[in-house]
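Shown next: work.cif, containing mmCIF, N, CA and C atoms.
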data_query
loop_
_atom_site.label_atom_id
_atom_site.label_comp_id
_atom_site.auth_asym_id
_atom_site.auth_seq_id
_atom_site.Cartn_x
_atom_site.Cartn_y
_atom_site.Cartn_z
N MET A 156 -17.58 -16.53 -11.68
CA MET A 156 -16.21 -16.26 -12.07
C MET A 156 -16.23 -15.61 -13.45
N LEU A 157 -15.45 -14.56 -13.61
CA LEU A 157 -15.33 -13.84 -14.88
C LEU A 157 -14.12 -14.36 -15.63
N GLY A 158 -14.33 -14.78 -16.86
CA GLY A 158 -13.22 -15.24 -17.70
C GLY A 158 -12.94 -14.24 -18.80
N LEU A 159 -11.68 -13.97 -19.03
CA LEU A 159 -11.24 -13.08 -20.10
C LEU A 159 -10.42 -13.96 -21.04
N THR A 160 -11.07 -14.46 -22.09
CA THR A 160 -10.46 -15.53 -22.88
C THR A 160 -11.10 -15.61 -24.27
N ALA A 161 -10.68 -16.58 -25.01
CA ALA A 161 -11.26 -16.83 -26.34
C ALA A 161 -12.59 -17.57 -26.19
N GLU A 162 -13.51 -17.27 -27.08
CA GLU A 162 -14.81 -17.92 -27.07
C GLU A 162 -14.65 -19.44 -27.22
N GLY A 163 -15.38 -20.18 -26.39
CA GLY A 163 -15.37 -21.62 -26.47
C GLY A 163 -14.18 -22.30 -25.80
N SER A 164 -13.29 -21.51 -25.21
CA SER A 164 -12.12 -22.10 -24.55
C SER A 164 -12.55 -22.80 -23.26
N PRO A 165 -11.70 -23.67 -22.71
CA PRO A 165 -12.05 -24.31 -21.43
C PRO A 165 -12.34 -23.29 -20.33
N LEU A 166 -11.60 -22.18 -20.31
CA LEU A 166 -11.86 -21.15 -19.30
C LEU A 166 -13.22 -20.51 -19.52
N ALA A 167 -13.57 -20.23 -20.76
CA ALA A 167 -14.89 -19.65 -21.06
C ALA A 167 -16.01 -20.58 -20.61
N LYS A 168 -15.82 -21.87 -20.82
CA LYS A 168 -16.84 -22.85 -20.42
C LYS A 168 -16.97 -22.96 -18.90
N ALA A 169 -15.87 -22.76 -18.19
CA ALA A 169 -15.89 -22.86 -16.73
C ALA A 169 -16.33 -21.57 -16.06
N SER A 170 -16.39 -20.47 -16.81
CA SER A 170 -16.70 -19.16 -16.25
C SER A 170 -18.21 -18.92 -16.17
N THR A 171 -18.60 -18.16 -15.15
CA THR A 171 -19.99 -17.72 -15.04
C THR A 171 -20.28 -16.69 -16.13
N LEU A 172 -19.33 -15.80 -16.37
CA LEU A 172 -19.43 -14.78 -17.39
C LEU A 172 -18.10 -14.74 -18.12
N SER A 173 -18.14 -14.69 -19.44
CA SER A 173 -16.91 -14.68 -20.22
C SER A 173 -16.89 -13.46 -21.13
N LEU A 174 -15.79 -12.70 -21.05
CA LEU A 174 -15.56 -11.62 -21.99
C LEU A 174 -14.65 -12.21 -23.06
N ASN A 175 -15.24 -12.47 -24.22
CA ASN A 175 -14.52 -13.16 -25.28
C ASN A 175 -13.68 -12.18 -26.10
N ILE A 176 -12.42 -12.53 -26.28
CA ILE A 176 -11.51 -11.71 -27.08
C ILE A 176 -11.10 -12.54 -28.29
N PRO A 177 -11.75 -12.29 -29.43
CA PRO A 177 -11.47 -13.09 -30.63
C PRO A 177 -10.21 -12.61 -31.35
N LEU A 178 -9.07 -13.12 -30.94
CA LEU A 178 -7.82 -12.70 -31.56
C LEU A 178 -6.91 -13.91 -31.74
N PRO A 179 -6.94 -14.52 -32.91
CA PRO A 179 -6.05 -15.66 -33.14
C PRO A 179 -4.60 -15.19 -33.27
N GLU A 180 -3.69 -15.96 -32.69
CA GLU A 180 -2.27 -15.64 -32.80
C GLU A 180 -1.51 -16.90 -33.16
N ASP A 181 -0.42 -16.71 -33.87
CA ASP A 181 0.43 -17.84 -34.23
C ASP A 181 1.49 -17.99 -33.14
N THR A 182 1.21 -18.83 -32.16
CA THR A 182 2.13 -18.98 -31.03
C THR A 182 3.34 -19.86 -31.37
N ASP A 183 3.37 -20.43 -32.57
CA ASP A 183 4.55 -21.18 -32.98
C ASP A 183 5.69 -20.24 -33.34
N ILE A 184 5.34 -19.05 -33.80
CA ILE A 184 6.35 -18.09 -34.24
C ILE A 184 6.57 -17.00 -33.19
N TYR A 185 5.49 -16.46 -32.63
CA TYR A 185 5.57 -15.33 -31.71
C TYR A 185 4.94 -15.68 -30.37
N MET A 186 5.37 -14.96 -29.36
CA MET A 186 4.70 -15.05 -28.07
C MET A 186 3.33 -14.38 -28.24
N PRO A 187 2.33 -14.78 -27.47
CA PRO A 187 0.98 -14.19 -27.61
C PRO A 187 0.90 -12.78 -27.02
N MET A 188 1.73 -11.88 -27.52
CA MET A 188 1.83 -10.53 -26.98
C MET A 188 0.57 -9.70 -27.23
N THR A 189 0.01 -9.77 -28.43
CA THR A 189 -1.14 -8.95 -28.77
C THR A 189 -2.31 -9.25 -27.85
N SER A 190 -2.61 -10.52 -27.64
CA SER A 190 -3.74 -10.86 -26.78
C SER A 190 -3.47 -10.45 -25.34
N ARG A 191 -2.24 -10.54 -24.89
CA ARG A 191 -1.90 -10.10 -23.52
C ARG A 191 -2.14 -8.61 -23.35
N ILE A 192 -1.72 -7.83 -24.33
CA ILE A 192 -1.92 -6.37 -24.25
C ILE A 192 -3.41 -6.04 -24.26
N ILE A 193 -4.18 -6.71 -25.11
CA ILE A 193 -5.62 -6.48 -25.15
C ILE A 193 -6.25 -6.87 -23.82
N GLN A 194 -5.85 -8.01 -23.26
CA GLN A 194 -6.42 -8.44 -21.98
C GLN A 194 -6.08 -7.45 -20.87
N LEU A 195 -4.84 -6.97 -20.84
CA LEU A 195 -4.46 -5.98 -19.83
C LEU A 195 -5.23 -4.68 -20.00
N THR A 196 -5.47 -4.28 -21.24
CA THR A 196 -6.25 -3.07 -21.50
C THR A 196 -7.68 -3.23 -20.99
N VAL A 197 -8.30 -4.37 -21.28
CA VAL A 197 -9.66 -4.63 -20.81
C VAL A 197 -9.70 -4.63 -19.28
N LEU A 198 -8.71 -5.26 -18.65
CA LEU A 198 -8.67 -5.27 -17.18
C LEU A 198 -8.51 -3.86 -16.62
N ASP A 199 -7.68 -3.04 -17.25
CA ASP A 199 -7.51 -1.64 -16.81
C ASP A 199 -8.82 -0.86 -16.94
N VAL A 200 -9.53 -1.06 -18.04
CA VAL A 200 -10.81 -0.38 -18.23
C VAL A 200 -11.82 -0.82 -17.16
N LEU A 201 -11.88 -2.12 -16.88
CA LEU A 201 -12.80 -2.61 -15.85
C LEU A 201 -12.42 -2.07 -14.48
N ALA A 202 -11.14 -2.07 -14.15
CA ALA A 202 -10.69 -1.57 -12.84
C ALA A 202 -10.96 -0.08 -12.71
N THR A 203 -10.72 0.68 -13.77
CA THR A 203 -10.98 2.12 -13.74
C THR A 203 -12.48 2.39 -13.58
N GLY A 204 -13.30 1.67 -14.33
CA GLY A 204 -14.75 1.84 -14.22
C GLY A 204 -15.26 1.52 -12.82
N MET A 205 -14.74 0.44 -12.24
CA MET A 205 -15.15 0.08 -10.88
C MET A 205 -14.73 1.15 -9.88
N THR A 206 -13.52 1.67 -10.03
CA THR A 206 -13.03 2.70 -9.13
C THR A 206 -13.86 3.97 -9.25
N LEU A 207 -14.19 4.37 -10.47
CA LEU A 207 -15.01 5.57 -10.67
C LEU A 207 -16.40 5.39 -10.08
N ARG A 208 -16.96 4.20 -10.21
CA ARG A 208 -18.29 3.94 -9.64
C ARG A 208 -18.28 3.98 -8.12
N ARG A 209 -17.14 3.56 -7.52
CA ARG A 209 -17.04 3.56 -6.07
C ARG A 209 -16.94 4.97 -5.51
N GLY A 210 -16.43 5.91 -6.31
CA GLY A 210 -16.38 7.31 -5.90
C GLY A 210 -15.17 7.65 -5.05
N VAL A 211 -15.15 8.90 -4.58
CA VAL A 211 -14.00 9.41 -3.83
C VAL A 211 -13.81 8.72 -2.49
N ASP A 212 -14.86 8.13 -1.94
CA ASP A 212 -14.72 7.42 -0.67
C ASP A 212 -13.81 6.20 -0.79
N PHE A 213 -13.58 5.74 -2.01
CA PHE A 213 -12.75 4.56 -2.24
C PHE A 213 -11.26 4.91 -2.31
N GLN A 214 -10.93 6.19 -2.47
CA GLN A 214 -9.55 6.61 -2.64
C GLN A 214 -8.63 6.23 -1.48
N PRO A 215 -9.04 6.36 -0.22
CA PRO A 215 -8.16 5.92 0.87
C PRO A 215 -7.80 4.43 0.77
N HIS A 216 -8.74 3.63 0.34
CA HIS A 216 -8.48 2.20 0.17
C HIS A 216 -7.43 1.97 -0.92
N LEU A 217 -7.55 2.68 -2.04
CA LEU A 217 -6.58 2.55 -3.12
C LEU A 217 -5.20 3.02 -2.66
N ARG A 218 -5.16 4.09 -1.88
CA ARG A 218 -3.89 4.59 -1.37
C ARG A 218 -3.22 3.55 -0.47
N LYS A 219 -4.02 2.87 0.35
CA LYS A 219 -3.49 1.84 1.24
C LYS A 219 -2.91 0.68 0.43
N ILE A 220 -3.58 0.28 -0.64
CA ILE A 220 -3.08 -0.79 -1.51
C ILE A 220 -1.75 -0.36 -2.14
N LYS A 221 -1.71 0.85 -2.65
CA LYS A 221 -0.49 1.36 -3.29
C LYS A 221 0.67 1.37 -2.30
N GLU A 222 0.42 1.84 -1.09
CA GLU A 222 1.48 1.90 -0.08
C GLU A 222 1.95 0.50 0.30
N SER A 223 1.05 -0.47 0.33
CA SER A 223 1.44 -1.83 0.70
C SER A 223 2.31 -2.47 -0.38
N LEU A 224 2.25 -1.99 -1.61
CA LEU A 224 3.06 -2.53 -2.70
C LEU A 224 4.44 -1.87 -2.79
N ASN A 225 4.64 -0.77 -2.08
CA ASN A 225 5.92 -0.06 -2.17
C ASN A 225 7.12 -0.93 -1.81
N ALA A 226 6.96 -1.81 -0.84
CA ALA A 226 8.08 -2.65 -0.41
C ALA A 226 8.51 -3.64 -1.49
N SER A 227 7.64 -3.94 -2.44
CA SER A 227 7.97 -4.91 -3.47
C SER A 227 8.57 -4.27 -4.72
N ARG A 228 8.68 -2.96 -4.73
CA ARG A 228 9.25 -2.27 -5.89
C ARG A 228 10.75 -2.13 -5.77
N TYR A 229 11.42 -2.10 -6.92
CA TYR A 229 12.85 -1.85 -6.92
C TYR A 229 13.08 -0.36 -6.74
N PRO A 230 14.02 0.01 -5.88
CA PRO A 230 14.33 1.44 -5.74
C PRO A 230 14.88 1.99 -7.05
N VAL A 231 14.61 3.25 -7.30
CA VAL A 231 15.12 3.89 -8.52
C VAL A 231 16.64 3.87 -8.49
N GLY A 232 17.24 3.50 -9.59
CA GLY A 232 18.69 3.46 -9.68
C GLY A 232 19.28 2.09 -9.43
N ASP A 233 18.52 1.17 -8.85
CA ASP A 233 19.02 -0.19 -8.66
C ASP A 233 19.14 -0.85 -10.03
N GLU A 234 20.20 -1.58 -10.21
CA GLU A 234 20.39 -2.28 -11.46
C GLU A 234 20.51 -3.76 -11.19
N PHE A 235 20.18 -4.54 -12.19
CA PHE A 235 20.30 -5.98 -12.07
C PHE A 235 21.77 -6.35 -12.26
N ASN A 236 22.34 -7.01 -11.30
CA ASN A 236 23.75 -7.41 -11.40
C ASN A 236 23.88 -8.90 -11.43
#

If you convert what's in this file into structure tokens, what do you get?
Amino acid sequence: MLGLTAEGSPLAKASTLSLNIPLPEDTDIYMPMTSRIIQLTVLDVLATGMTLRRGVDFQPHLRKIKESLNASRYPVGDEFN
């Protein structure tokens, strides 16, 4: 299991491999936004690298995933009422 967390955290200890992100945040004042953005960026880089390594033969699979998610998206112009 790959953990994306702070070094020494319970998740890091339970993970087979841990990508440690050393970023302390004051969660008493702010939401942990900075660490979330960094974690999402790292996940995007890993996903992009994996996709590039898989090559063009992987593109139909990605297209199928994208199409399967279309039903869960809000149509353009819909507003929250």

- Query: Do you know which residues the PyMOL selection byres ((chain A and resi 156) around 6) returns on this file, as a VMD selection string?
  - Reply: chain A and resid 157 to 158 170 to 172

- Message: Among chain A, which residues does DSSP mark as strand (DSSP E) when it is run on the backbone? Keep the chain and numbering as in the structure and answer as JSON, numbers by chain.
- Response: {"A": [157, 158, 159, 160, 172, 173, 174, 175]}

Export, as a PDB file, keeping the file's coordinate frame, the selected residues with N, CA and C atoms.
ATOM      1  N   LEU A 157     -15.450 -14.560 -13.610  1.00  0.00           N
ATOM      2  CA  LEU A 157     -15.330 -13.840 -14.880  1.00  0.00           C
ATOM      3  C   LEU A 157     -14.120 -14.360 -15.630  1.00  0.00           C
ATOM      4  N   GLY A 158     -14.330 -14.780 -16.860  1.00  0.00           N
ATOM      5  CA  GLY A 158     -13.220 -15.240 -17.700  1.00  0.00           C
ATOM      6  C   GLY A 158     -12.940 -14.240 -18.800  1.00  0.00           C
ATOM      7  N   LEU A 159     -11.680 -13.970 -19.030  1.00  0.00           N
ATOM      8  CA  LEU A 159     -11.240 -13.080 -20.100  1.00  0.00           C
ATOM      9  C   LEU A 159     -10.420 -13.960 -21.040  1.00  0.00           C
ATOM     10  N   THR A 160     -11.070 -14.460 -22.090  1.00  0.00           N
ATOM     11  CA  THR A 160     -10.460 -15.530 -22.880  1.00  0.00           C
ATOM     12  C   THR A 160     -11.100 -15.610 -24.270  1.00  0.00           C
ATOM     13  N   LEU A 172     -19.330 -15.800 -16.370  1.00  0.00           N
ATOM     14  CA  LEU A 172     -19.430 -14.780 -17.390  1.00  0.00           C
ATOM     15  C   LEU A 172     -18.100 -14.740 -18.120  1.00  0.00           C
ATOM     16  N   SER A 173     -18.140 -14.690 -19.440  1.00  0.00           N
ATOM     17  CA  SER A 173     -16.910 -14.680 -20.220  1.00  0.00           C
ATOM     18  C   SER A 173     -16.890 -13.460 -21.130  1.00  0.00           C
ATOM     19  N   LEU A 174     -15.790 -12.700 -21.050  1.00  0.00           N
ATOM     20  CA  LEU A 174     -15.560 -11.620 -21.990  1.00  0.00           C
ATOM     21  C   LEU A 174     -14.650 -12.210 -23.060  1.00  0.00           C
ATOM     22  N   ASN A 175     -15.240 -12.470 -24.220  1.00  0.00           N
ATOM     23  CA  ASN A 175     -14.520 -13.160 -25.280  1.00  0.00           C
ATOM     24  C   ASN A 175     -13.680 -12.180 -26.100  1.00  0.00           C
TER      25      ASN A 175
END

- Item | Using only C-alpha atoms: which of A:Leu217, A:Ala226, A:Lys168, A:Thr160 has the shortest distance to A:Thr203 | A:Leu217

- Query: Which of chain A counts as helix (DSSP H, G or I) under DSSP, as a PyMOL selection string please?
  - Reply: chain A and resi 165-169+188-209+211-227

- Computed gap from atom CA of A:Gln194 to atom CA of A:Ala161 is 10.6 Å

- atom CA of A:Glu162 and atom CA of A:Val200, how far apart in Å? 20.0 Å

- Query: What is the atom CA of A:Ile193-atom CA of A:Leu174 distance in Å, reported with one decimal?
  - Reply: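 Answer for the atom CA of A:Ile193 to atom CA of A:Leu174 separation: 11.6 Å.
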